[in-house]
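Pasting target.cif here (mmCIF, C-alpha atoms):
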```cif
data_structure
#
loop_
_atom_site.group_PDB
_atom_site.id
_atom_site.type_symbol
_atom_site.label_atom_id
_atom_site.label_comp_id
_atom_site.auth_asym_id
_atom_site.auth_seq_id
_atom_site.Cartn_x
_atom_site.Cartn_y
_atom_site.Cartn_z
ATOM 1 C CA MET R 4 44.469 51.453 57.720
ATOM 2 C CA LYS R 5 43.805 48.983 54.900
ATOM 3 C CA THR R 6 45.359 45.536 55.143
ATOM 4 C CA VAL R 7 46.670 44.490 51.733
ATOM 5 C CA SER R 8 47.684 40.853 51.198
ATOM 6 C CA LEU R 9 50.064 40.443 48.268
ATOM 7 C CA LEU R 10 50.276 36.886 46.974
ATOM 8 C CA ILE R 11 53.756 35.418 46.519
ATOM 9 C CA TYR R 12 54.409 32.268 44.483
ATOM 10 C CA GLU R 13 57.446 30.996 42.613
ATOM 11 C CA ASP R 14 56.166 31.899 39.124
ATOM 12 C CA ALA R 15 55.355 35.496 40.063
ATOM 13 C CA ILE R 16 57.057 38.247 38.055
ATOM 14 C CA LEU R 17 59.392 40.202 40.314
ATOM 15 C CA SER R 18 58.389 43.678 39.118
ATOM 16 C CA SER R 19 54.711 42.854 39.642
ATOM 17 C CA VAL R 20 55.502 42.279 43.321
ATOM 18 C CA SER R 21 58.221 44.837 44.031
ATOM 19 C CA SER R 22 56.450 47.724 42.260
ATOM 20 C CA VAL R 23 53.337 47.280 44.395
ATOM 21 C CA MET R 24 55.478 47.175 47.530
ATOM 22 C CA ASP R 25 57.355 50.328 46.500
ATOM 23 C CA MET R 26 54.169 52.271 45.798
ATOM 24 C CA LEU R 27 52.210 51.266 48.901
ATOM 25 C CA LEU R 28 55.161 51.700 51.261
ATOM 26 C CA GLY R 29 55.951 55.003 49.545
ATOM 27 C CA VAL R 30 52.415 56.179 50.299
ATOM 28 C CA ASN R 31 52.881 55.190 53.936
ATOM 29 C CA ARG R 32 56.054 57.285 54.182
ATOM 30 C CA TYR R 33 54.293 60.247 52.587
ATOM 31 C CA MET R 34 51.366 59.955 54.987
ATOM 32 C CA VAL R 35 53.692 59.932 58.005
ATOM 33 C CA GLU R 36 55.734 62.855 56.664
ATOM 34 C CA THR R 37 52.533 64.894 56.294
ATOM 35 C CA GLY R 38 51.376 64.147 59.834
ATOM 36 C CA ARG R 39 48.936 61.322 59.095
ATOM 37 C CA GLU R 40 48.686 57.656 59.910
ATOM 38 C CA PRO R 41 50.075 55.107 57.412
ATOM 39 C CA ALA R 42 47.411 54.080 54.905
ATOM 40 C CA PHE R 43 48.363 50.445 54.320
ATOM 41 C CA HIS R 44 49.414 47.419 56.299
ATOM 42 C CA LEU R 45 51.147 45.308 53.658
ATOM 43 C CA GLU R 46 51.599 41.586 54.194
ATOM 44 C CA LEU R 47 53.203 39.054 51.862
ATOM 45 C CA VAL R 48 51.208 35.827 51.751
ATOM 46 C CA SER R 49 52.181 32.440 50.319
ATOM 47 C CA GLU R 50 50.510 29.034 50.120
ATOM 48 C CA LYS R 51 52.703 26.954 52.452
ATOM 49 C CA MET R 52 56.326 27.926 52.804
ATOM 50 C CA LYS R 53 57.068 31.362 54.147
ATOM 51 C CA ASN R 54 60.395 31.567 52.334
ATOM 52 C CA ILE R 55 59.572 31.752 48.613
ATOM 53 C CA GLN R 56 62.242 31.547 45.924
ATOM 54 C CA LEU R 57 60.986 33.000 42.646
ATOM 55 C CA HIS R 58 61.976 31.425 39.333
ATOM 56 C CA MET R 59 64.576 34.223 39.089
ATOM 57 C CA PRO R 60 67.293 35.299 41.563
ATOM 58 C CA ALA R 61 64.879 36.786 44.093
ATOM 59 C CA GLN R 62 63.495 35.505 47.361
ATOM 60 C CA PHE R 63 60.677 36.721 49.589
ATOM 61 C CA ILE R 64 60.030 35.994 53.237
ATOM 62 C CA CYS R 65 56.268 36.034 53.717
ATOM 63 C CA TYR R 66 54.496 37.102 56.873
ATOM 64 C CA LYS R 67 51.764 34.503 56.602
ATOM 65 C CA THR R 68 50.465 31.527 54.692
ATOM 66 C CA ILE R 69 47.001 31.555 53.167
ATOM 67 C CA ASP R 70 45.727 29.306 55.973
ATOM 68 C CA GLU R 71 46.762 31.921 58.524
ATOM 69 C CA VAL R 72 44.980 34.824 56.839
ATOM 70 C CA LYS R 73 41.425 34.884 58.140
ATOM 71 C CA GLN R 74 40.647 38.531 57.408
ATOM 72 C CA THR R 75 42.106 41.168 55.084
ATOM 73 C CA ASP R 76 40.778 44.135 53.140
ATOM 74 C CA LEU R 77 42.366 43.558 49.740
ATOM 75 C CA ILE R 78 44.192 40.644 48.113
ATOM 76 C CA MET R 79 46.414 41.361 45.121
ATOM 77 C CA ALA R 80 47.448 38.639 42.647
ATOM 78 C CA PRO R 81 50.613 39.597 40.721
ATOM 79 C CA ALA R 82 51.449 38.568 37.176
ATOM 80 C CA PHE R 83 53.276 35.334 36.397
ATOM 81 C CA GLU R 84 55.616 33.891 33.814
ATOM 82 C CA GLY R 85 54.811 30.571 32.149
ATOM 83 C CA ASP R 86 51.968 28.459 30.813
ATOM 84 C CA PRO R 87 48.715 29.515 32.528
ATOM 85 C CA THR R 88 47.513 25.894 32.733
ATOM 86 C CA VAL R 89 50.663 24.819 34.564
ATOM 87 C CA VAL R 90 50.748 27.865 36.860
ATOM 88 C CA LEU R 91 47.067 27.547 37.819
ATOM 89 C CA HIS R 92 47.454 23.830 38.525
ATOM 90 C CA LYS R 93 50.477 24.445 40.753
ATOM 91 C CA ASN R 94 48.606 27.136 42.672
ATOM 92 C CA LYS R 95 45.144 25.571 42.923
ATOM 93 C CA ALA R 96 45.090 26.149 46.677
ATOM 94 C CA MET R 97 45.524 29.896 46.099
ATOM 95 C CA VAL R 98 42.687 29.885 43.559
ATOM 96 C CA ASP R 99 40.398 28.145 46.061
ATOM 97 C CA TRP R 100 41.472 30.561 48.787
ATOM 98 C CA LEU R 101 40.618 33.588 46.628
ATOM 99 C CA ARG R 102 37.138 32.178 46.086
ATOM 100 C CA THR R 103 36.662 31.630 49.828
ATOM 101 C CA MET R 104 37.995 35.036 50.834
ATOM 102 C CA HIS R 105 35.825 36.862 48.303
ATOM 103 C CA ALA R 106 32.765 35.040 49.646
ATOM 104 C CA CYS R 107 33.680 36.510 53.041
ATOM 105 C CA GLY R 108 33.674 40.044 51.625
ATOM 106 C CA THR R 109 37.343 40.577 50.765
ATOM 107 C CA GLU R 110 38.131 42.669 47.692
ATOM 108 C CA ILE R 111 40.395 41.047 45.105
ATOM 109 C CA ALA R 112 42.684 42.704 42.538
ATOM 110 C CA SER R 113 44.844 41.277 39.760
ATOM 111 C CA LEU R 114 47.887 42.751 38.087
ATOM 112 C CA CYS R 115 48.360 41.875 34.420
ATOM 113 C CA LEU R 116 48.192 38.038 34.032
ATOM 114 C CA GLY R 117 47.077 37.714 37.641
ATOM 115 C CA SER R 118 43.593 37.949 36.095
ATOM 116 C CA TYR R 119 43.845 34.212 35.388
ATOM 117 C CA PHE R 120 43.673 33.533 39.134
ATOM 118 C CA LEU R 121 40.472 35.559 39.456
ATOM 119 C CA ALA R 122 38.909 33.947 36.389
ATOM 120 C CA GLU R 123 39.829 30.431 37.534
ATOM 121 C CA ALA R 124 38.254 31.148 40.923
ATOM 122 C CA GLY R 125 35.005 32.126 39.181
ATOM 123 C CA LEU R 126 35.208 35.701 40.447
ATOM 124 C CA LEU R 127 34.932 37.199 36.957
ATOM 125 C CA LYS R 128 31.909 35.208 35.809
ATOM 126 C CA GLY R 129 29.423 37.594 34.213
ATOM 127 C CA LYS R 130 31.818 40.510 34.742
ATOM 128 C CA SER R 131 34.142 42.526 32.546
ATOM 129 C CA CYS R 132 37.886 42.220 32.884
ATOM 130 C CA THR R 133 41.156 43.133 31.217
ATOM 131 C CA SER R 134 44.667 41.690 31.210
ATOM 132 C CA HIS R 135 47.857 41.690 29.159
ATOM 133 C CA TRP R 136 46.960 42.020 25.478
ATOM 134 C CA MET R 137 48.773 38.767 24.646
ATOM 135 C CA ALA R 138 46.463 36.801 26.965
ATOM 136 C CA LEU R 139 43.104 38.168 25.853
ATOM 137 C CA GLU R 140 42.364 35.612 23.144
ATOM 138 C CA ASP R 141 43.281 32.723 25.444
ATOM 139 C CA MET R 142 41.121 34.129 28.235
ATOM 140 C CA ARG R 143 38.132 34.421 25.905
ATOM 141 C CA THR R 144 38.559 30.761 24.968
ATOM 142 C CA ARG R 145 39.089 29.496 28.521
ATOM 143 C CA TYR R 146 36.407 31.614 30.154
ATOM 144 C CA PRO R 147 33.566 32.295 27.686
ATOM 145 C CA ASP R 148 31.336 33.675 30.459
ATOM 146 C CA ILE R 149 33.677 36.649 30.965
ATOM 147 C CA ASN R 150 33.472 39.901 29.011
ATOM 148 C CA VAL R 151 37.115 40.535 28.101
ATOM 149 C CA LEU R 152 37.810 44.204 27.312
ATOM 150 C CA PRO R 153 41.011 44.377 25.260
ATOM 151 C CA ASP R 154 41.565 48.137 25.353
ATOM 152 C CA ARG R 155 40.836 48.913 29.007
ATOM 153 C CA VAL R 156 43.615 49.746 31.433
ATOM 154 C CA MET R 157 41.588 48.552 34.419
ATOM 155 C CA THR R 158 38.158 47.388 35.560
ATOM 156 C CA ASP R 159 36.364 47.839 38.881
ATOM 157 C CA GLN R 160 33.213 45.821 39.544
ATOM 158 C CA GLU R 161 31.790 44.960 42.938
ATOM 159 C CA GLY R 162 35.132 44.785 44.701
ATOM 160 C CA ILE R 163 36.871 42.896 41.883
ATOM 161 C CA TYR R 164 39.657 44.731 40.059
ATOM 162 C CA THR R 165 41.688 43.765 36.982
ATOM 163 C CA SER R 166 44.391 45.630 35.105
ATOM 164 C CA GLY R 167 46.150 45.736 31.751
ATOM 165 C CA GLY R 168 49.509 44.311 30.838
ATOM 166 C CA ALA R 169 52.926 44.663 32.452
ATOM 167 C CA PHE R 170 53.748 48.098 33.913
ATOM 168 C CA ILE R 171 50.449 49.646 32.871
ATOM 169 C CA SER R 172 48.986 47.554 35.701
ATOM 170 C CA LEU R 173 50.541 50.104 38.058
ATOM 171 C CA ASN R 174 47.725 52.428 36.998
ATOM 172 C CA LEU R 175 45.402 50.100 38.914
ATOM 173 C CA VAL R 176 47.594 50.477 42.000
ATOM 174 C CA LEU R 177 47.400 54.244 41.527
ATOM 175 C CA TYR R 178 43.626 53.997 41.142
ATOM 176 C CA LEU R 179 43.334 51.998 44.380
ATOM 177 C CA ILE R 180 45.512 54.525 46.191
ATOM 178 C CA GLU R 181 43.143 57.281 45.086
ATOM 179 C CA LYS R 182 40.115 55.195 46.057
ATOM 180 C CA PHE R 183 41.439 54.531 49.563
ATOM 181 C CA CYS R 184 43.510 57.668 50.240
ATOM 182 C CA GLY R 185 42.093 60.422 48.035
ATOM 183 C CA ARG R 186 43.133 62.379 44.951
ATOM 184 C CA GLU R 187 45.874 64.385 46.619
ATOM 185 C CA VAL R 188 47.769 61.258 47.665
ATOM 186 C CA SER R 189 47.400 59.630 44.241
ATOM 187 C CA ILE R 190 48.740 62.787 42.535
ATOM 188 C CA TRP R 191 51.788 62.707 44.819
ATOM 189 C CA THR R 192 52.273 59.013 44.028
ATOM 190 C CA SER R 193 52.004 59.561 40.272
ATOM 191 C CA LYS R 194 54.654 62.264 40.452
ATOM 192 C CA MET R 195 56.949 60.333 42.759
ATOM 193 C CA PHE R 196 56.858 57.175 40.610
ATOM 194 C CA SER R 197 56.448 58.953 37.234
ATOM 195 C CA ILE R 198 53.208 57.165 36.335
ATOM 196 C CA ASP R 199 50.773 58.885 33.978
ATOM 197 C CA MET R 200 47.442 59.385 35.699
ATOM 198 C CA ASP R 201 44.023 58.653 34.232
ATOM 199 C CA ARG R 202 45.152 56.261 31.507
ATOM 200 C CA VAL R 203 42.084 54.535 30.110
ATOM 201 C CA ASN R 204 43.347 52.744 26.989
ATOM 202 C CA GLN R 205 46.103 50.209 26.296
ATOM 203 C CA ALA R 206 45.141 49.455 22.680
ATOM 204 C CA HIS R 207 48.213 51.056 21.109
ATOM 205 C CA PHE R 208 50.474 48.573 22.951
ATOM 206 C CA ALA R 209 48.843 45.533 21.346
ATOM 207 C CA VAL R 210 50.383 43.643 18.435
ATOM 208 C CA PHE R 211 47.756 41.935 16.296
ATOM 209 C CA GLN R 212 48.888 38.359 15.685
ATOM 210 C CA GLY R 213 45.755 36.857 14.176
ATOM 211 C CA GLN R 214 43.285 34.671 16.049
ATOM 212 C CA ARG R 215 44.376 31.176 15.030
ATOM 213 C CA ARG R 216 43.506 29.213 18.148
ATOM 214 C CA HIS R 217 40.829 27.223 16.348
ATOM 215 C CA GLU R 218 40.631 24.176 14.079
ATOM 216 C CA ASP R 219 38.405 25.425 11.259
ATOM 217 C CA GLU R 220 40.643 24.787 8.251
ATOM 218 C CA ASP R 221 38.411 26.721 5.847
ATOM 219 C CA ILE R 222 38.562 29.817 8.039
ATOM 220 C CA LEU R 223 42.340 29.451 8.418
ATOM 221 C CA LYS R 224 42.607 29.531 4.620
ATOM 222 C CA ALA R 225 40.483 32.675 4.548
ATOM 223 C CA GLN R 226 42.691 34.297 7.191
ATOM 224 C CA ALA R 227 45.791 33.488 5.157
ATOM 225 C CA PHE R 228 44.159 35.017 2.071
ATOM 226 C CA ILE R 229 43.366 38.218 3.989
ATOM 227 C CA GLU R 230 46.922 38.483 5.318
ATOM 228 C CA GLU R 231 48.381 38.026 1.812
ATOM 229 C CA HIS R 232 46.025 40.441 0.012
ATOM 230 C CA TYR R 233 45.087 43.046 2.666
ATOM 231 C CA ASP R 234 46.694 45.807 0.569
ATOM 232 C CA GLN R 235 44.294 45.153 -2.306
ATOM 233 C CA GLN R 236 40.644 46.041 -2.698
ATOM 234 C CA ILE R 237 39.205 42.666 -1.690
ATOM 235 C CA SER R 238 35.573 42.112 -0.769
ATOM 236 C CA ILE R 239 34.009 39.797 1.798
ATOM 237 C CA GLU R 240 32.505 37.853 -1.125
ATOM 238 C CA GLN R 241 35.984 37.226 -2.530
ATOM 239 C CA ILE R 242 37.247 36.043 0.821
ATOM 240 C CA ALA R 243 34.217 33.763 1.258
ATOM 241 C CA GLU R 244 35.003 32.184 -2.112
ATOM 242 C CA GLN R 245 38.369 31.101 -0.749
ATOM 243 C CA ALA R 246 36.514 29.085 1.865
ATOM 244 C CA ASN R 247 33.894 27.802 -0.627
ATOM 245 C CA MET R 248 31.033 29.242 1.420
ATOM 246 C CA SER R 249 28.133 31.568 0.966
ATOM 247 C CA LYS R 250 28.748 35.053 2.346
ATOM 248 C CA ARG R 251 26.252 34.602 5.178
ATOM 249 C CA ASN R 252 27.588 31.235 6.302
ATOM 250 C CA PHE R 253 31.177 32.459 5.981
ATOM 251 C CA ILE R 254 30.596 35.495 8.205
ATOM 252 C CA ARG R 255 28.944 33.312 10.847
ATOM 253 C CA ARG R 256 31.749 30.717 10.866
ATOM 254 C CA PHE R 257 34.472 33.358 10.782
ATOM 255 C CA LYS R 258 33.026 35.104 13.848
ATOM 256 C CA VAL R 259 32.719 31.815 15.751
ATOM 257 C CA ALA R 260 36.334 30.873 14.979
ATOM 258 C CA THR R 261 38.108 34.213 15.450
ATOM 259 C CA GLN R 262 35.738 36.338 17.591
ATOM 260 C CA ASN R 263 35.901 38.950 14.786
ATOM 261 C CA THR R 264 33.807 39.479 11.696
ATOM 262 C CA PRO R 265 35.769 39.146 8.416
ATOM 263 C CA LEU R 266 35.626 42.930 7.985
ATOM 264 C CA GLU R 267 36.972 43.526 11.500
ATOM 265 C CA TYR R 268 39.760 41.030 10.882
ATOM 266 C CA LEU R 269 40.677 42.658 7.579
ATOM 267 C CA GLN R 270 40.747 46.077 9.228
ATOM 268 C CA ARG R 271 42.992 44.842 12.022
ATOM 269 C CA VAL R 272 45.447 43.286 9.556
ATOM 270 C CA LYS R 273 45.534 46.541 7.555
ATOM 271 C CA ILE R 274 46.074 48.667 10.663
ATOM 272 C CA GLU R 275 48.805 46.355 11.981
ATOM 273 C CA SER R 276 50.623 46.855 8.690
ATOM 274 C CA ALA R 277 50.224 50.629 8.972
ATOM 275 C CA LYS R 278 51.500 50.578 12.568
ATOM 276 C CA LYS R 279 54.711 48.851 11.506
ATOM 277 C CA GLU R 280 55.256 51.401 8.742
ATOM 278 C CA LEU R 281 54.639 54.285 11.127
ATOM 279 C CA GLU R 282 57.196 52.840 13.532
ATOM 280 C CA ARG R 283 59.856 52.456 10.821
ATOM 281 C CA ASN R 284 59.769 55.531 8.625
ATOM 282 C CA THR R 285 58.534 59.059 8.043
ATOM 283 C CA GLN R 286 56.578 58.510 4.823
ATOM 284 C CA ASN R 287 53.561 60.755 4.483
ATOM 285 C CA ILE R 288 50.332 59.381 5.881
ATOM 286 C CA SER R 289 48.672 59.127 2.463
ATOM 287 C CA THR R 290 51.384 56.773 1.179
ATOM 288 C CA LEU R 291 51.075 54.585 4.258
ATOM 289 C CA MET R 292 47.327 54.578 3.859
ATOM 290 C CA TYR R 293 47.520 53.312 0.255
ATOM 291 C CA ASN R 294 50.093 50.679 1.225
ATOM 292 C CA ALA R 295 47.664 49.396 3.866
ATOM 293 C CA GLY R 296 44.877 49.095 1.296
ATOM 294 C CA TYR R 297 42.865 52.243 2.106
ATOM 295 C CA ASN R 298 41.819 54.897 -0.396
ATOM 296 C CA ASP R 299 40.078 57.363 1.906
ATOM 297 C CA LEU R 300 42.160 59.251 4.466
ATOM 298 C CA LYS R 301 39.216 60.035 6.748
ATOM 299 C CA THR R 302 38.186 56.377 6.929
ATOM 300 C CA PHE R 303 41.788 55.296 7.544
ATOM 301 C CA ARG R 304 42.198 57.724 10.433
ATOM 302 C CA GLN R 305 38.867 56.732 11.989
ATOM 303 C CA VAL R 306 39.626 52.996 11.844
ATOM 304 C CA PHE R 307 43.205 53.509 13.058
ATOM 305 C CA LYS R 308 42.090 55.489 16.099
ATOM 306 C CA ARG R 309 39.270 53.065 16.896
ATOM 307 C CA ILE R 310 41.689 50.126 16.953
ATOM 308 C CA THR R 311 44.747 51.737 18.554
ATOM 309 C CA GLY R 312 43.294 54.598 20.575
ATOM 310 C CA LEU R 313 45.667 57.034 18.816
ATOM 311 C CA THR R 314 45.656 58.950 15.553
ATOM 312 C CA PRO R 315 48.266 57.830 12.979
ATOM 313 C CA GLN R 316 50.239 61.033 13.640
ATOM 314 C CA ASP R 317 50.215 60.507 17.413
ATOM 315 C CA TYR R 318 51.201 56.852 17.011
ATOM 316 C CA ARG R 319 54.172 57.857 14.858
ATOM 317 C CA LYS R 320 55.288 60.500 17.383
ATOM 318 C CA LYS R 321 55.201 57.897 20.143
ATOM 319 C CA TYR R 322 56.987 55.031 18.365
ATOM 320 C CA CYS R 323 59.029 56.323 15.406
ATOM 321 C CA ARG R 324 62.582 57.108 16.505
ATOM 322 C CA ALA R 325 63.275 59.354 13.504
ATOM 323 C CA VAL R 326 60.295 61.565 14.308
ATOM 324 C CA SER R 327 61.196 61.582 18.002
ATOM 325 C CA GLU R 328 64.753 62.716 17.237
ATOM 326 C CA LEU R 329 63.509 65.473 14.917
ATOM 327 C CA SER R 330 61.151 66.789 17.588
ATOM 328 C CA ASN R 331 64.007 66.922 20.062
#
```

I need this file expressed as structure tokens, please.
Amino acid sequence: MKTVSLLIYEDAILSSVSSVMDMLLGVNRYMVETGREPAFHLELVSEKMKNIQLHMPAQFICYKTIDEVKQTDLIMAPAFEGDPTVVLHKNKAMVDWLRTMHACGTEIASLCLGSYFLAEAGLLKGKSCTSHWMALEDMRTRYPDINVLPDRVMTDQEGIYTSGGAFISLNLVLYLIEKFCGREVSIWTSKMFSIDMDRVNQAHFAVFQGQRRHEDEDILKAQAFIEEHYDQQISIEQIAEQANMSKRNFIRRFKVATQNTPLEYLQRVKIESAKKELERNTQNISTLMYNAGYNDLKTFRQVFKRITGLTPQDYRKKYCRAVSELSN
């Protein structure tokens, strides 16, 4: 039986806690019903108080405080709501405890924004991780020694696990169930909780908002120019002129400021525009392609799939209500 310690703190998101409890306790019931021992001993762990009121109308009574937990197999850090700086400061003791427990051999997992706890504890240094797509740019800035993978649903490195955003993080729980209990149990769990198995990409959930968390005014002007003229045939040289730089110097500064090359940024702006059109209407793909500033359908499809993980047609089927209603 694996002991799983689920962290509880007042900023935790309720579903990030309750969903884990439902899945692990559901596995235990299934194991007993099929003549086997329960797979998990689940304990709720808090910093000091054992009676934790979340920032919403929900309260948890924890079995133990972090000082009382000397040994456990897996610690899980749920997602939170609020400013990461504030939340991490309030829960510094938990961050320190994660570092100590990992040094003793305990495995650590994060759900969605819970990755901040692992990063702050130094557990992700030199490793790859993922998180909610809205947090990825901030994590790159805060923790430059971490390889942030924006499209991955989960990562597993040396007993450290991270997961993508919101409910897709339940795929990590499913993965851990398979790792500890076997494929047959994870298949039952996926069916019982209606979770798609073997998801590997969360790119199509992301909304590109432009990397503006920098103070390079010249690059900000170039970004604005791209976002205003993405539907035209603009070159990198033209964009560099907006910043009064040579092409070589412009590309270097743009990459430092935004973590993308100018071409990558332009492609992402174009594809974000195409995504919105695909969500809204049933225009033919060629028209959408031209509106996004592409002239070659093959190139458009290749770039679209590389950025979103889906073809334009598949993206429309998933998110356009008109197409969904026609197919039904």

Exercise for review: Give as a list of chain:residue names the residues that the PyMOL selection byres ((chain R and resi 73) around 12) matches when applied to the coordinates above.
Suggested key: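 Taken over the shown coordinates, the PyMOL selection byres ((chain R and resi 73) around 12) returns R:Thr6, R:Ser8, R:Val48, R:Lys67, R:Thr68, R:Ile69, R:Asp70, R:Glu71, R:Val72, R:Gln74, R:Thr75, R:Asp76, R:Ile78, R:Trp100, R:Leu101, R:Thr103, R:Met104, R:His105, R:Cys107, R:Gly108, R:Thr109.
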
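If you measure from each of R:Arg155, R:Lys278, R:Asn252, R:Gln235 to Asn298 of chain R using only C-alpha atoms, the closest one turns out to be R:Gln235.
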
Exercise for review: Determine the nearest neighbour of Val90 of chain R from the options R:Ala15, R:Leu121, R:Val30, R:Ala227, counting all atoms listed in the file.
Suggested key: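 Closest to Val90 of chain R, using all atoms listed in the file: R:Ala15.
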
Long-range neighbours of Val176 of chain R as a CSV table (one decimal) with C-alpha atoms, in the frame of the given file, 12 Å cut-off, only C-alpha atoms, 5 positions minimum in chain:
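For reference, selection.csv as written:
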```
chain,number,residue,atom,x,y,z
R,7,VAL,CA,46.7,44.5,51.7
R,19,SER,CA,54.7,42.9,39.6
R,20,VAL,CA,55.5,42.3,43.3
R,22,SER,CA,56.4,47.7,42.3
R,23,VAL,CA,53.3,47.3,44.4
R,24,MET,CA,55.5,47.2,47.5
R,25,ASP,CA,57.4,50.3,46.5
R,26,MET,CA,54.2,52.3,45.8
R,27,LEU,CA,52.2,51.3,48.9
R,30,VAL,CA,52.4,56.2,50.3
R,77,LEU,CA,42.4,43.6,49.7
R,79,MET,CA,46.4,41.4,45.1
R,80,ALA,CA,47.4,38.6,42.6
R,81,PRO,CA,50.6,39.6,40.7
R,112,ALA,CA,42.7,42.7,42.5
R,113,SER,CA,44.8,41.3,39.8
R,114,LEU,CA,47.9,42.8,38.1
R,115,CYS,CA,48.4,41.9,34.4
R,156,VAL,CA,43.6,49.7,31.4
R,157,MET,CA,41.6,48.6,34.4
R,158,THR,CA,38.2,47.4,35.6
R,159,ASP,CA,36.4,47.8,38.9
R,164,TYR,CA,39.7,44.7,40.1
R,165,THR,CA,41.7,43.8,37.0
R,166,SER,CA,44.4,45.6,35.1
R,167,GLY,CA,46.2,45.7,31.8
R,170,PHE,CA,53.7,48.1,33.9
R,171,ILE,CA,50.4,49.6,32.9
R,181,GLU,CA,43.1,57.3,45.1
R,182,LYS,CA,40.1,55.2,46.1
R,183,PHE,CA,41.4,54.5,49.6
R,184,CYS,CA,43.5,57.7,50.2
R,189,SER,CA,47.4,59.6,44.2
R,192,THR,CA,52.3,59.0,44.0
R,193,SER,CA,52.0,59.6,40.3
R,196,PHE,CA,56.9,57.2,40.6
R,198,ILE,CA,53.2,57.2,36.3
R,200,MET,CA,47.4,59.4,35.7
R,201,ASP,CA,44.0,58.7,34.2
```

Study note, to complete from the structure: A straight line from atom CA of Ala277 of chain R to atom CA of Met137 of chain R spans 19.7 Å
